[in-house]
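Notes for the one structure printed next.
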There are 2 protein chains.
Amino acid sequence: MSETVSALHFSKVVIVGVGLIGGSLALSLKRAGVVGTVVGVGRSAASLDKAKALGVIDEAASLEVAMQGASLVVLCAPVAQNFALLHALEPHLQPGTIVTDAGSTKSDVIMAAKTALGDKVAQFVPAHPIAGRELNGVEAALDDLYVGKKVVLCPLQENSRADVAAVRAMWEATGADCHVMSAVQHDAVFASVSHLPHLLSYALVAQVANAEDAALKLDFAGGGFRDFTRIAASSPEMWRDICIANKDALLREISIYESVLAHLKTKIKEGDGAALERLFARASDTRLKWGAARTAANNVEP
Amino acid sequence: MSETVSALHFSKVVIVGVGLIGGSLALSLKRAGVVGTVVGVGRSAASLDKAKALGVIDEAASLEVAMQGASLVVLCAPVAQNFALLHALEPHLQPGTIVTDAGSTKSDVIMAAKTALGDKVAQFVPAHPIAGRELNGVEAALDDLYVGKKVVLCPLQENSRADVAAVRAMWEATGADCHVMSAVQHDAVFASVSHLPHLLSYALVAQVANAEDAALKLDFAGGGFRDFTRIAASSPEMWRDICIANKDALLREISIYESVLAHLKTKIKEGDGAALERLFARASDTRLKWGAARTAANNVEP
């Protein structure tokens, strides 16, 4: 941690939705020593009790109570809940409090924030940490989930420089690297490299599961199937919300994908090996270089 | 190793195509002590020299020379070469020699063998070891690649029981488990759980690579992209051949997949979250159970 970070302190952080993402953020801020009290807000009392027992949050409270004197409020619930949450917290949002989020889509939450918060939208700094596990829930939370990960900030014209800097500093305290881009650009990028692959992986597993000989097929599925379908074990509720929240960009990517697949289908039908090999080689070359660059940068598996 | 396996001995095994699959088979048979001499046959002298230097094969020879006195010939070259190889070896195929293969598709190699070998097709026992790595070439060969892996045998009516038993015993000596099914069933199963996922993964990476903002997209691709696209680093030549060799079964699976994707697209367009969540939940549930069963059976990562 640099000197800048150690000077950082949030006296009261409110985490709305204490699951993998929110819980890991709470633990990371505690580990970095930049937070006074962490208050958890959530739909399930049992889950909040668990978060408290695990030391992830210091106390649980209603949204209204939690908002009083909060330095920072982080929305970590499924993205579909953001509008209702922003609407509910608006009357209790005090001038000095910064609100941010951890959602995988940005255009939709900005639209929701502008509607729900009105002029107070200046206090809302949209963000997206690029991190996850196949496991969900507060039990899966890790205090180093964000180390070396990327966080995208999509600041609004209305935001003050100080508020954006505070959100950036908070994420840097977790060990993450922050990048700034527009919400439109963010949503197009993630539709392509995250949302579409999730959709495709779910579709393949659903197809196998619905086959008459599903048991035989699953019995002979190997390492390729394992890797390709790992993301199909992700939370159905979360991915339902993301698909709908990022509808426009995702539909564009699906349409392009359909045309790539149609092209491959034609080439297989025609027995055009050269065309198939050309596309496979372009993909293989891209993937190998990506893996090598990633390994070199982060010392992680390709 | 059981007593049956230790009584097994092949005095001369010919490996045609000494790459990952053929090289790993050679090393595994040596480790099990069930082989006298391993002779390598291949297109590249440099690659055969490397295989010899690595101790994977004992000697390199032309196909014609290698066939003399061979107990067992294993075709491990890309599947598109099988017809030419079978045609070339037929004049030199002696009565006591068993021929088998390691190809990922079975109907096509059986058709090729019937045409190229005529009555001698009785000596050809089709097989498919379900193993692989992203790495190719003899340098990637491992002496335990097949331990705990599945091998599918698709015996012909013409095969003798003794020859099928010998091929089975050979694979069991490598630590693999053998299963018998028809070639048609085999090709349908692998089109679904292996060939289609490879095609889909190549397609996604090609789409990202061809995007105008490819560099930005690849920069923000995370763990989901990594797992989903790991198989897109596979050999373009091998997968070109498999797609064409298993054309009929693969085209059927692509058509089904197109309809699943079209369904998801419609549901996203309509904002029908319940329908999306239903399909995602079915996939997620199937994948979680599959991973848990696989971990329990093999003590491997889900």
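Residues in the structure tokens are named by chain (A, B, ... in the order shown) and by number from 1 within that chain; ligands are numbered from 1 in the order shown.
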
Would you write out, as a Markdown table, a table of all residues in chain B that have an atom no more than 6 Å from an atom of chain A, listing for each the closest atom pair and the distance in Å to one decimal, considering only C-alpha atoms and ordering rows by chain and rising residue number?
| residue | atom | partner | partner_atom | distance |
| --- | --- | --- | --- | --- |
| B:Val189 | CA | A:Lys217 | CA | 5.3 |
| B:Val193 | CA | A:Ala221 | CA | 5.4 |
| B:Tyr202 | CA | A:Ala283 | CA | 5.5 |
| B:Val205 | CA | A:Ala283 | CA | 5.1 |
| B:Ala206 | CA | A:Ala283 | CA | 4.8 |
| B:Lys217 | CA | A:Val189 | CA | 5.2 |
| B:Ala221 | CA | A:Val193 | CA | 5.4 |
| B:Asp227 | CA | A:Asp227 | CA | 5.0 |
| B:Phe228 | CA | A:Phe228 | CA | 4.1 |
| B:Ala232 | CA | A:Ser284 | CA | 5.3 |
| B:Ala233 | CA | A:Ser284 | CA | 4.2 |
| B:Pro236 | CA | A:Phe280 | CA | 5.0 |
| B:Arg240 | CA | A:Glu277 | CA | 5.4 |
| B:Ile244 | CA | A:Gly271 | CA | 5.9 |
| B:Ile268 | CA | A:Ile244 | CA | 6.0 |
| B:Gly271 | CA | A:Ile244 | CA | 5.9 |
| B:Gly273 | CA | A:Arg240 | CA | 5.8 |
| B:Leu276 | CA | A:Arg240 | CA | 5.8 |
| B:Glu277 | CA | A:Pro236 | CA | 5.4 |
| B:Phe280 | CA | A:Pro236 | CA | 5.1 |
| B:Ala281 | CA | A:Pro236 | CA | 5.3 |
| B:Ala283 | CA | A:Ala206 | CA | 4.8 |
| B:Ser284 | CA | A:Ala233 | CA | 4.2 |
| B:Arg287 | CA | A:Ala233 | CA | 5.7 |
| B:Leu288 | CA | A:Ala233 | CA | 5.8 |

Stretch 87-232 of chain B: which residues are alpha helix (DSSP H) by DSSP, as a short mmCIF file (atom, residue, chain, number, x, y, z; two decimals) with all heavy atoms, in the first residue's frame?
data_model
loop_
_atom_site.label_atom_id
_atom_site.label_comp_id
_atom_site.auth_asym_id
_atom_site.auth_seq_id
_atom_site.Cartn_x
_atom_site.Cartn_y
_atom_site.Cartn_z
N HIS B 87 -4.42 -46.89 -46.83
CA HIS B 87 -4.17 -47.31 -48.21
C HIS B 87 -2.69 -47.66 -48.39
O HIS B 87 -2.34 -48.66 -49.03
CB HIS B 87 -4.56 -46.17 -49.16
CG HIS B 87 -4.77 -46.62 -50.56
ND1 HIS B 87 -3.79 -46.52 -51.52
CD2 HIS B 87 -5.82 -47.19 -51.17
CE1 HIS B 87 -4.25 -47.00 -52.67
NE2 HIS B 87 -5.49 -47.41 -52.47
N ALA B 88 -1.83 -46.85 -47.79
CA ALA B 88 -0.39 -47.07 -47.93
C ALA B 88 0.10 -48.29 -47.15
O ALA B 88 1.03 -48.97 -47.56
CB ALA B 88 0.37 -45.82 -47.47
N LEU B 89 -0.54 -48.57 -46.03
CA LEU B 89 -0.04 -49.69 -45.21
C LEU B 89 -0.63 -51.03 -45.64
O LEU B 89 -0.05 -52.09 -45.34
CB LEU B 89 -0.25 -49.42 -43.71
CG LEU B 89 -1.67 -49.40 -43.11
CD1 LEU B 89 -2.27 -50.79 -42.90
CD2 LEU B 89 -1.60 -48.68 -41.74
N SER B 107 -17.04 -42.90 -37.49
CA SER B 107 -17.73 -43.37 -38.71
C SER B 107 -16.83 -43.18 -39.93
O SER B 107 -16.75 -44.05 -40.79
CB SER B 107 -19.02 -42.59 -38.93
OG SER B 107 -19.87 -42.74 -37.82
N ASP B 108 -16.14 -42.05 -39.99
CA ASP B 108 -15.33 -41.76 -41.17
C ASP B 108 -14.13 -42.68 -41.28
O ASP B 108 -13.79 -43.14 -42.36
CB ASP B 108 -14.86 -40.30 -41.13
CG ASP B 108 -13.90 -40.06 -39.97
OD1 ASP B 108 -14.27 -40.41 -38.82
OD2 ASP B 108 -12.79 -39.56 -40.20
N VAL B 109 -13.48 -43.00 -40.15
CA VAL B 109 -12.29 -43.86 -40.23
C VAL B 109 -12.71 -45.30 -40.56
O VAL B 109 -11.97 -46.03 -41.23
CB VAL B 109 -11.44 -43.78 -38.92
CG1 VAL B 109 -12.07 -44.53 -37.78
CG2 VAL B 109 -10.04 -44.29 -39.18
N ILE B 110 -13.89 -45.69 -40.12
CA ILE B 110 -14.37 -47.04 -40.45
C ILE B 110 -14.66 -47.13 -41.96
O ILE B 110 -14.29 -48.10 -42.63
CB ILE B 110 -15.62 -47.38 -39.61
CG1 ILE B 110 -15.19 -47.54 -38.14
CG2 ILE B 110 -16.31 -48.63 -40.12
CD1 ILE B 110 -16.34 -47.65 -37.16
N MET B 111 -15.28 -46.10 -42.48
CA MET B 111 -15.53 -46.05 -43.93
C MET B 111 -14.20 -46.11 -44.69
O MET B 111 -14.05 -46.87 -45.66
CB MET B 111 -16.24 -44.74 -44.25
CG MET B 111 -16.61 -44.56 -45.70
SD MET B 111 -18.37 -44.80 -45.94
CE MET B 111 -19.02 -43.30 -45.19
N ALA B 112 -13.23 -45.33 -44.25
CA ALA B 112 -11.91 -45.32 -44.89
C ALA B 112 -11.25 -46.69 -44.80
O ALA B 112 -10.68 -47.19 -45.78
CB ALA B 112 -11.02 -44.26 -44.24
N ALA B 113 -11.35 -47.32 -43.63
CA ALA B 113 -10.70 -48.63 -43.44
C ALA B 113 -11.34 -49.71 -44.31
O ALA B 113 -10.66 -50.55 -44.89
CB ALA B 113 -10.78 -49.03 -41.97
N LYS B 114 -12.67 -49.66 -44.42
CA LYS B 114 -13.35 -50.66 -45.26
C LYS B 114 -12.92 -50.52 -46.71
O LYS B 114 -12.70 -51.51 -47.41
CB LYS B 114 -14.87 -50.55 -45.10
CG LYS B 114 -15.32 -51.04 -43.73
CD LYS B 114 -16.83 -51.18 -43.58
CE LYS B 114 -17.10 -51.86 -42.22
NZ LYS B 114 -18.50 -51.88 -41.83
N THR B 115 -12.79 -49.29 -47.15
CA THR B 115 -12.39 -49.04 -48.54
C THR B 115 -10.92 -49.39 -48.76
O THR B 115 -10.57 -50.07 -49.72
CB THR B 115 -12.60 -47.54 -48.88
OG1 THR B 115 -13.92 -47.17 -48.50
CG2 THR B 115 -12.40 -47.28 -50.37
N ALA B 116 -10.06 -48.94 -47.86
CA ALA B 116 -8.62 -49.10 -48.08
C ALA B 116 -8.12 -50.50 -47.77
O ALA B 116 -7.18 -50.98 -48.40
CB ALA B 116 -7.86 -48.08 -47.23
N LEU B 117 -8.74 -51.16 -46.79
CA LEU B 117 -8.20 -52.45 -46.35
C LEU B 117 -8.93 -53.65 -46.94
O LEU B 117 -8.43 -54.77 -46.89
CB LEU B 117 -8.24 -52.56 -44.82
CG LEU B 117 -7.45 -51.49 -44.04
CD1 LEU B 117 -7.53 -51.78 -42.54
CD2 LEU B 117 -5.98 -51.46 -44.48
N ARG B 161 -12.52 -61.42 -31.47
CA ARG B 161 -12.59 -61.07 -30.04
C ARG B 161 -11.19 -60.86 -29.47
O ARG B 161 -10.97 -60.00 -28.61
CB ARG B 161 -13.30 -62.17 -29.26
CG ARG B 161 -14.77 -62.31 -29.64
CD ARG B 161 -15.36 -63.57 -29.01
NE ARG B 161 -15.45 -63.45 -27.57
CZ ARG B 161 -16.55 -63.08 -26.91
NH1 ARG B 161 -17.65 -62.79 -27.59
NH2 ARG B 161 -16.56 -63.00 -25.61
N ALA B 162 -10.25 -61.66 -29.97
CA ALA B 162 -8.88 -61.57 -29.44
C ALA B 162 -8.26 -60.21 -29.77
O ALA B 162 -7.58 -59.60 -28.93
CB ALA B 162 -8.02 -62.69 -30.01
N ASP B 163 -8.48 -59.73 -31.00
CA ASP B 163 -7.90 -58.44 -31.38
C ASP B 163 -8.51 -57.29 -30.57
O ASP B 163 -7.80 -56.38 -30.13
CB ASP B 163 -8.10 -58.19 -32.89
CG ASP B 163 -7.15 -59.02 -33.75
OD1 ASP B 163 -6.33 -59.78 -33.16
OD2 ASP B 163 -7.23 -58.93 -34.99
N VAL B 164 -9.83 -57.34 -30.39
CA VAL B 164 -10.49 -56.29 -29.59
C VAL B 164 -9.95 -56.34 -28.15
O VAL B 164 -9.64 -55.29 -27.56
CB VAL B 164 -12.02 -56.47 -29.61
CG1 VAL B 164 -12.69 -55.45 -28.68
CG2 VAL B 164 -12.56 -56.34 -31.03
N ALA B 165 -9.79 -57.55 -27.63
CA ALA B 165 -9.28 -57.70 -26.25
C ALA B 165 -7.86 -57.15 -26.14
O ALA B 165 -7.48 -56.54 -25.13
CB ALA B 165 -9.32 -59.17 -25.84
N ALA B 166 -7.05 -57.34 -27.20
CA ALA B 166 -5.66 -56.86 -27.17
C ALA B 166 -5.62 -55.33 -27.15
O ALA B 166 -4.84 -54.72 -26.40
CB ALA B 166 -4.88 -57.41 -28.36
N VAL B 167 -6.46 -54.70 -27.97
CA VAL B 167 -6.49 -53.24 -28.00
C VAL B 167 -6.99 -52.69 -26.65
O VAL B 167 -6.46 -51.73 -26.11
CB VAL B 167 -7.35 -52.72 -29.17
CG1 VAL B 167 -7.53 -51.21 -29.09
CG2 VAL B 167 -6.71 -53.10 -30.50
N ARG B 168 -8.01 -53.35 -26.11
CA ARG B 168 -8.51 -52.95 -24.80
C ARG B 168 -7.41 -53.07 -23.73
O ARG B 168 -7.19 -52.16 -22.94
CB ARG B 168 -9.71 -53.84 -24.42
CG ARG B 168 -10.25 -53.55 -23.03
CD ARG B 168 -11.26 -54.59 -22.58
NE ARG B 168 -12.59 -54.36 -23.12
CZ ARG B 168 -13.54 -53.67 -22.47
NH1 ARG B 168 -13.29 -53.12 -21.30
NH2 ARG B 168 -14.73 -53.54 -23.02
N ALA B 169 -6.71 -54.19 -23.77
CA ALA B 169 -5.65 -54.42 -22.76
C ALA B 169 -4.54 -53.38 -22.91
O ALA B 169 -3.98 -52.91 -21.92
CB ALA B 169 -5.09 -55.83 -22.92
N MET B 170 -4.23 -53.03 -24.16
CA MET B 170 -3.20 -52.01 -24.38
C MET B 170 -3.59 -50.70 -23.69
O MET B 170 -2.82 -50.09 -22.96
CB MET B 170 -3.01 -51.75 -25.87
CG MET B 170 -2.01 -50.60 -26.12
SD MET B 170 -2.13 -49.90 -27.77
CE MET B 170 -3.60 -48.88 -27.65
N TRP B 171 -4.85 -50.26 -23.91
CA TRP B 171 -5.29 -49.00 -23.31
C TRP B 171 -5.38 -49.10 -21.80
O TRP B 171 -5.07 -48.16 -21.07
CB TRP B 171 -6.62 -48.52 -23.93
CG TRP B 171 -6.41 -47.87 -25.26
CD1 TRP B 171 -6.81 -48.33 -26.48
CD2 TRP B 171 -5.70 -46.64 -25.52
NE1 TRP B 171 -6.40 -47.47 -27.48
CE2 TRP B 171 -5.72 -46.43 -26.92
CE3 TRP B 171 -5.05 -45.71 -24.71
CZ2 TRP B 171 -5.11 -45.32 -27.51
CZ3 TRP B 171 -4.45 -44.60 -25.29
CH2 TRP B 171 -4.49 -44.42 -26.69
N GLU B 172 -5.80 -50.28 -21.30
CA GLU B 172 -5.87 -50.43 -19.84
C GLU B 172 -4.48 -50.37 -19.22
O GLU B 172 -4.31 -49.89 -18.10
CB GLU B 172 -6.64 -51.70 -19.48
CG GLU B 172 -8.14 -51.48 -19.73
CD GLU B 172 -9.03 -52.68 -19.48
OE1 GLU B 172 -8.48 -53.78 -19.29
OE2 GLU B 172 -10.26 -52.51 -19.50
N ALA B 173 -3.48 -50.82 -19.98
CA ALA B 173 -2.09 -50.75 -19.48
C ALA B 173 -1.63 -49.30 -19.30
O ALA B 173 -0.75 -49.01 -18.48
CB ALA B 173 -1.15 -51.49 -20.42
N ALA B 183 -20.17 -46.74 -33.54
CA ALA B 183 -19.53 -45.56 -34.13
C ALA B 183 -20.53 -44.40 -34.26
O ALA B 183 -20.17 -43.24 -34.02
CB ALA B 183 -18.95 -45.91 -35.49
N VAL B 184 -21.76 -44.71 -34.61
CA VAL B 184 -22.77 -43.65 -34.78
C VAL B 184 -23.04 -42.96 -33.44
O VAL B 184 -23.11 -41.73 -33.36
CB VAL B 184 -24.08 -44.25 -35.36
CG1 VAL B 184 -25.21 -43.23 -35.29
CG2 VAL B 184 -23.85 -44.70 -36.81
N GLN B 185 -23.19 -43.78 -32.41
CA GLN B 185 -23.43 -43.24 -31.07
C GLN B 185 -22.23 -42.40 -30.62
O GLN B 185 -22.38 -41.30 -30.09
CB GLN B 185 -23.63 -44.43 -30.13
CG GLN B 185 -24.25 -44.08 -28.81
CD GLN B 185 -24.60 -45.34 -28.03
OE1 GLN B 185 -23.88 -46.33 -28.07
NE2 GLN B 185 -25.71 -45.29 -27.32
N HIS B 186 -21.04 -42.95 -30.83
CA HIS B 186 -19.82 -42.22 -30.49
C HIS B 186 -19.78 -40.84 -31.15
O HIS B 186 -19.53 -39.82 -30.51
CB HIS B 186 -18.59 -43.03 -30.93
CG HIS B 186 -17.31 -42.25 -30.85
ND1 HIS B 186 -16.93 -41.36 -31.84
CD2 HIS B 186 -16.35 -42.17 -29.90
CE1 HIS B 186 -15.80 -40.79 -31.49
NE2 HIS B 186 -15.42 -41.27 -30.31
N ASP B 187 -20.05 -40.81 -32.45
CA ASP B 187 -19.92 -39.55 -33.18
C ASP B 187 -20.97 -38.53 -32.74
O ASP B 187 -20.69 -37.32 -32.72
CB ASP B 187 -20.01 -39.81 -34.69
CG ASP B 187 -18.76 -40.52 -35.21
OD1 ASP B 187 -17.79 -40.66 -34.42
OD2 ASP B 187 -18.75 -40.94 -36.37
N ALA B 188 -22.17 -39.00 -32.37
CA ALA B 188 -23.21 -38.09 -31.89
C ALA B 188 -22.82 -37.52 -30.52
O ALA B 188 -22.96 -36.32 -30.26
CB ALA B 188 -24.55 -38.81 -31.81
N VAL B 189 -22.32 -38.38 -29.65
CA VAL B 189 -21.93 -37.94 -28.31
C VAL B 189 -20.83 -36.89 -28.39
O VAL B 189 -20.91 -35.83 -27.77
CB VAL B 189 -21.47 -39.14 -27.44
CG1 VAL B 189 -20.71 -38.67 -26.20
CG2 VAL B 189 -22.66 -40.01 -27.04
N PHE B 190 -19.80 -37.16 -29.19
CA PHE B 190 -18.66 -36.23 -29.20
C PHE B 190 -18.93 -34.97 -30.02
O PHE B 190 -18.36 -33.91 -29.74
CB PHE B 190 -17.37 -36.95 -29.58
CG PHE B 190 -16.94 -37.85 -28.46
CD1 PHE B 190 -17.32 -39.19 -28.44
CD2 PHE B 190 -16.27 -37.33 -27.38
CE1 PHE B 190 -16.98 -40.01 -27.36
CE2 PHE B 190 -15.93 -38.14 -26.30
CZ PHE B 190 -16.29 -39.48 -26.29
N LEU B 196 -18.74 -29.53 -30.93
CA LEU B 196 -19.50 -28.26 -30.92
C LEU B 196 -18.87 -27.22 -30.00
O LEU B 196 -18.66 -26.07 -30.43
CB LEU B 196 -20.97 -28.52 -30.58
CG LEU B 196 -21.86 -27.27 -30.52
CD1 LEU B 196 -21.90 -26.54 -31.86
CD2 LEU B 196 -23.29 -27.63 -30.09
N PRO B 197 -18.53 -27.57 -28.74
CA PRO B 197 -17.87 -26.56 -27.90
C PRO B 197 -16.59 -25.99 -28.51
O PRO B 197 -16.34 -24.79 -28.41
CB PRO B 197 -17.58 -27.31 -26.59
CG PRO B 197 -18.56 -28.42 -26.55
CD PRO B 197 -18.88 -28.78 -27.98
N HIS B 198 -15.78 -26.83 -29.16
CA HIS B 198 -14.58 -26.31 -29.81
C HIS B 198 -14.95 -25.29 -30.89
O HIS B 198 -14.36 -24.21 -30.96
CB HIS B 198 -13.75 -27.46 -30.42
CG HIS B 198 -12.83 -28.11 -29.43
ND1 HIS B 198 -13.26 -29.06 -28.53
CD2 HIS B 198 -11.51 -27.93 -29.17
CE1 HIS B 198 -12.23 -29.44 -27.77
NE2 HIS B 198 -11.16 -28.77 -28.14
N LEU B 199 -15.91 -25.64 -31.72
CA LEU B 199 -16.34 -24.74 -32.79
C LEU B 199 -16.84 -23.41 -32.20
O LEU B 199 -16.50 -22.33 -32.70
CB LEU B 199 -17.45 -25.43 -33.58
CG LEU B 199 -17.81 -24.78 -34.91
CD1 LEU B 199 -16.75 -25.12 -35.95
CD2 LEU B 199 -19.18 -25.27 -35.40
N LEU B 200 -17.65 -23.50 -31.15
CA LEU B 200 -18.22 -22.30 -30.53
C LEU B 200 -17.14 -21.42 -29.91
O LEU B 200 -17.22 -20.19 -29.96
CB LEU B 200 -19.25 -22.69 -29.46
CG LEU B 200 -20.47 -23.48 -29.95
CD1 LEU B 200 -21.35 -23.89 -28.77
CD2 LEU B 200 -21.28 -22.69 -30.97
N SER B 201 -16.14 -22.04 -29.33
CA SER B 201 -15.06 -21.29 -28.70
C SER B 201 -14.20 -20.59 -29.76
O SER B 201 -13.87 -19.40 -29.62
CB SER B 201 -14.22 -22.25 -27.86
OG SER B 201 -13.19 -21.57 -27.19
N TYR B 202 -13.87 -21.32 -30.83
CA TYR B 202 -13.15 -20.69 -31.96
C TYR B 202 -13.96 -19.50 -32.50
O TYR B 202 -13.40 -18.44 -32.80
CB TYR B 202 -12.97 -21.69 -33.11
CG TYR B 202 -11.80 -22.65 -32.98
CD1 TYR B 202 -11.99 -24.02 -33.16
CD2 TYR B 202 -10.50 -22.21 -32.76
CE1 TYR B 202 -10.92 -24.92 -33.09
CE2 TYR B 202 -9.43 -23.09 -32.70
CZ TYR B 202 -9.65 -24.45 -32.86
OH TYR B 202 -8.60 -25.32 -32.81
N ALA B 203 -15.25 -19.68 -32.66
CA ALA B 203 -16.10 -18.63 -33.24
C ALA B 203 -16.08 -17.37 -32.38
O ALA B 203 -15.98 -16.25 -32.89
CB ALA B 203 -17.53 -19.14 -33.41
N LEU B 204 -16.15 -17.54 -31.06
CA LEU B 204 -16.17 -16.37 -30.17
C LEU B 204 -14.85 -15.61 -30.24
O LEU B 204 -14.82 -14.38 -30.34
CB LEU B 204 -16.46 -16.84 -28.74
CG LEU B 204 -16.75 -15.83 -27.61
CD1 LEU B 204 -15.50 -15.34 -26.93
CD2 LEU B 204 -17.61 -14.65 -28.05
N VAL B 205 -13.74 -16.35 -30.22
CA VAL B 205 -12.43 -15.66 -30.26
C VAL B 205 -12.24 -14.98 -31.61
O VAL B 205 -11.73 -13.85 -31.68
CB VAL B 205 -11.27 -16.63 -29.97
CG1 VAL B 205 -9.93 -15.90 -30.08
CG2 VAL B 205 -11.41 -17.24 -28.57
N ALA B 206 -12.68 -15.63 -32.69
CA ALA B 206 -12.56 -15.01 -34.01
C ALA B 206 -13.38 -13.72 -34.05
O ALA B 206 -12.94 -12.70 -34.60
CB ALA B 206 -13.04 -15.98 -35.09
N GLN B 207 -14.56 -13.74 -33.45
CA GLN B 207 -15.41 -12.55 -33.41
C GLN B 207 -14.72 -11.40 -32.66
O GLN B 207 -14.69 -10.26 -33.13
CB GLN B 207 -16.74 -12.90 -32.75
CG GLN B 207 -17.65 -11.70 -32.54
CD GLN B 207 -19.07 -12.11 -32.17
OE1 GLN B 207 -19.48 -13.24 -32.44
NE2 GLN B 207 -19.82 -11.22 -31.56
N VAL B 208 -14.15 -11.70 -31.51
CA VAL B 208 -13.44 -10.66 -30.74
C VAL B 208 -12.22 -10.18 -31.52
O VAL B 208 -11.98 -8.97 -31.62
CB VAL B 208 -13.02 -11.20 -29.35
CG1 VAL B 208 -12.16 -10.17 -28.61
CG2 VAL B 208 -14.26 -11.54 -28.51
N ALA B 209 -11.46 -11.11 -32.10
CA ALA B 209 -10.24 -10.75 -32.83
C ALA B 209 -10.55 -9.86 -34.02
O ALA B 209 -9.74 -9.01 -34.40
CB ALA B 209 -9.50 -12.00 -33.30
N ALA B 214 -10.67 -4.71 -30.90
CA ALA B 214 -10.21 -6.00 -30.39
C ALA B 214 -9.23 -5.84 -29.23
O ALA B 214 -9.34 -6.56 -28.22
CB ALA B 214 -9.57 -6.81 -31.51
N ALA B 215 -8.30 -4.90 -29.34
CA ALA B 215 -7.27 -4.76 -28.31
C ALA B 215 -7.89 -4.39 -26.97
O ALA B 215 -7.55 -4.95 -25.92
CB ALA B 215 -6.24 -3.72 -28.73
N LEU B 216 -8.85 -3.43 -27.01
CA LEU B 216 -9.52 -3.02 -25.77
C LEU B 216 -10.30 -4.20 -25.17
O LEU B 216 -10.26 -4.46 -23.97
CB LEU B 216 -10.48 -1.86 -26.06
CG LEU B 216 -11.21 -1.29 -24.84
CD1 LEU B 216 -10.27 -0.50 -23.96
CD2 LEU B 216 -12.40 -0.42 -25.25
N LYS B 217 -11.03 -4.91 -26.05
CA LYS B 217 -11.83 -6.05 -25.57
C LYS B 217 -10.94 -7.11 -24.92
O LYS B 217 -11.24 -7.61 -23.83
CB LYS B 217 -12.63 -6.63 -26.72
CG LYS B 217 -13.86 -5.77 -27.05
CD LYS B 217 -14.63 -6.28 -28.26
CE LYS B 217 -15.94 -5.48 -28.36
NZ LYS B 217 -16.54 -5.55 -29.70
N LEU B 218 -9.84 -7.46 -25.58
CA LEU B 218 -8.96 -8.49 -25.04
C LEU B 218 -8.32 -8.03 -23.74
O LEU B 218 -8.07 -8.83 -22.83
CB LEU B 218 -7.88 -8.86 -26.07
CG LEU B 218 -8.42 -9.64 -27.28
CD1 LEU B 218 -7.36 -9.74 -28.37
CD2 LEU B 218 -8.89 -11.04 -26.86
N ASP B 219 -8.12 -6.72 -23.62
CA ASP B 219 -7.50 -6.18 -22.42
C ASP B 219 -8.41 -6.37 -21.20
O ASP B 219 -7.94 -6.52 -20.08
CB ASP B 219 -7.21 -4.69 -22.65
CG ASP B 219 -6.10 -4.19 -21.76
OD1 ASP B 219 -5.22 -4.99 -21.40
OD2 ASP B 219 -6.13 -2.99 -21.40
N GLY B 223 -11.61 -13.98 -16.31
CA GLY B 223 -11.55 -15.42 -16.06
C GLY B 223 -12.58 -16.22 -16.83
O GLY B 223 -12.32 -17.37 -17.23
N GLY B 224 -13.77 -15.65 -17.05
CA GLY B 224 -14.80 -16.36 -17.82
C GLY B 224 -14.35 -16.57 -19.25
O GLY B 224 -14.45 -17.67 -19.80
N PHE B 225 -13.84 -15.51 -19.85
CA PHE B 225 -13.30 -15.59 -21.21
C PHE B 225 -12.15 -16.61 -21.26
O PHE B 225 -12.06 -17.42 -22.17
CB PHE B 225 -12.80 -14.21 -21.63
CG PHE B 225 -12.20 -14.13 -23.02
CD1 PHE B 225 -13.01 -13.95 -24.14
CD2 PHE B 225 -10.83 -14.25 -23.21
CE1 PHE B 225 -12.45 -13.87 -25.41
CE2 PHE B 225 -10.26 -14.18 -24.47
CZ PHE B 225 -11.08 -13.99 -25.58
N ARG B 226 -11.28 -16.56 -20.26
CA ARG B 226 -10.13 -17.48 -20.22
C ARG B 226 -10.60 -18.95 -20.29
O ARG B 226 -10.12 -19.72 -21.12
CB ARG B 226 -9.34 -17.28 -18.91
CG ARG B 226 -8.17 -18.25 -18.77
CD ARG B 226 -7.68 -18.31 -17.33
NE ARG B 226 -8.73 -18.83 -16.48
CZ ARG B 226 -8.96 -18.45 -15.23
NH1 ARG B 226 -8.20 -17.55 -14.68
NH2 ARG B 226 -9.95 -18.98 -14.52
N ASP B 227 -11.56 -19.32 -19.45
CA ASP B 227 -11.99 -20.72 -19.42
C ASP B 227 -12.75 -21.09 -20.69
O ASP B 227 -12.52 -22.14 -21.28
CB ASP B 227 -12.91 -20.95 -18.21
CG ASP B 227 -12.13 -20.84 -16.90
OD1 ASP B 227 -10.89 -20.91 -16.94
OD2 ASP B 227 -12.78 -20.69 -15.86
N PHE B 228 -13.67 -20.21 -21.10
CA PHE B 228 -14.51 -20.47 -22.27
C PHE B 228 -13.67 -20.64 -23.53
O PHE B 228 -14.03 -21.39 -24.44
CB PHE B 228 -15.48 -19.30 -22.44
CG PHE B 228 -16.47 -19.46 -23.56
CD1 PHE B 228 -17.71 -20.05 -23.33
CD2 PHE B 228 -16.18 -19.02 -24.84
CE1 PHE B 228 -18.64 -20.18 -24.35
CE2 PHE B 228 -17.10 -19.15 -25.87
CZ PHE B 228 -18.33 -19.73 -25.62
N THR B 229 -12.55 -19.92 -23.61
CA THR B 229 -11.76 -19.91 -24.85
C THR B 229 -10.50 -20.76 -24.77
O THR B 229 -9.71 -20.75 -25.71
CB THR B 229 -11.35 -18.47 -25.21
OG1 THR B 229 -10.50 -17.96 -24.17
CG2 THR B 229 -12.55 -17.56 -25.37
#
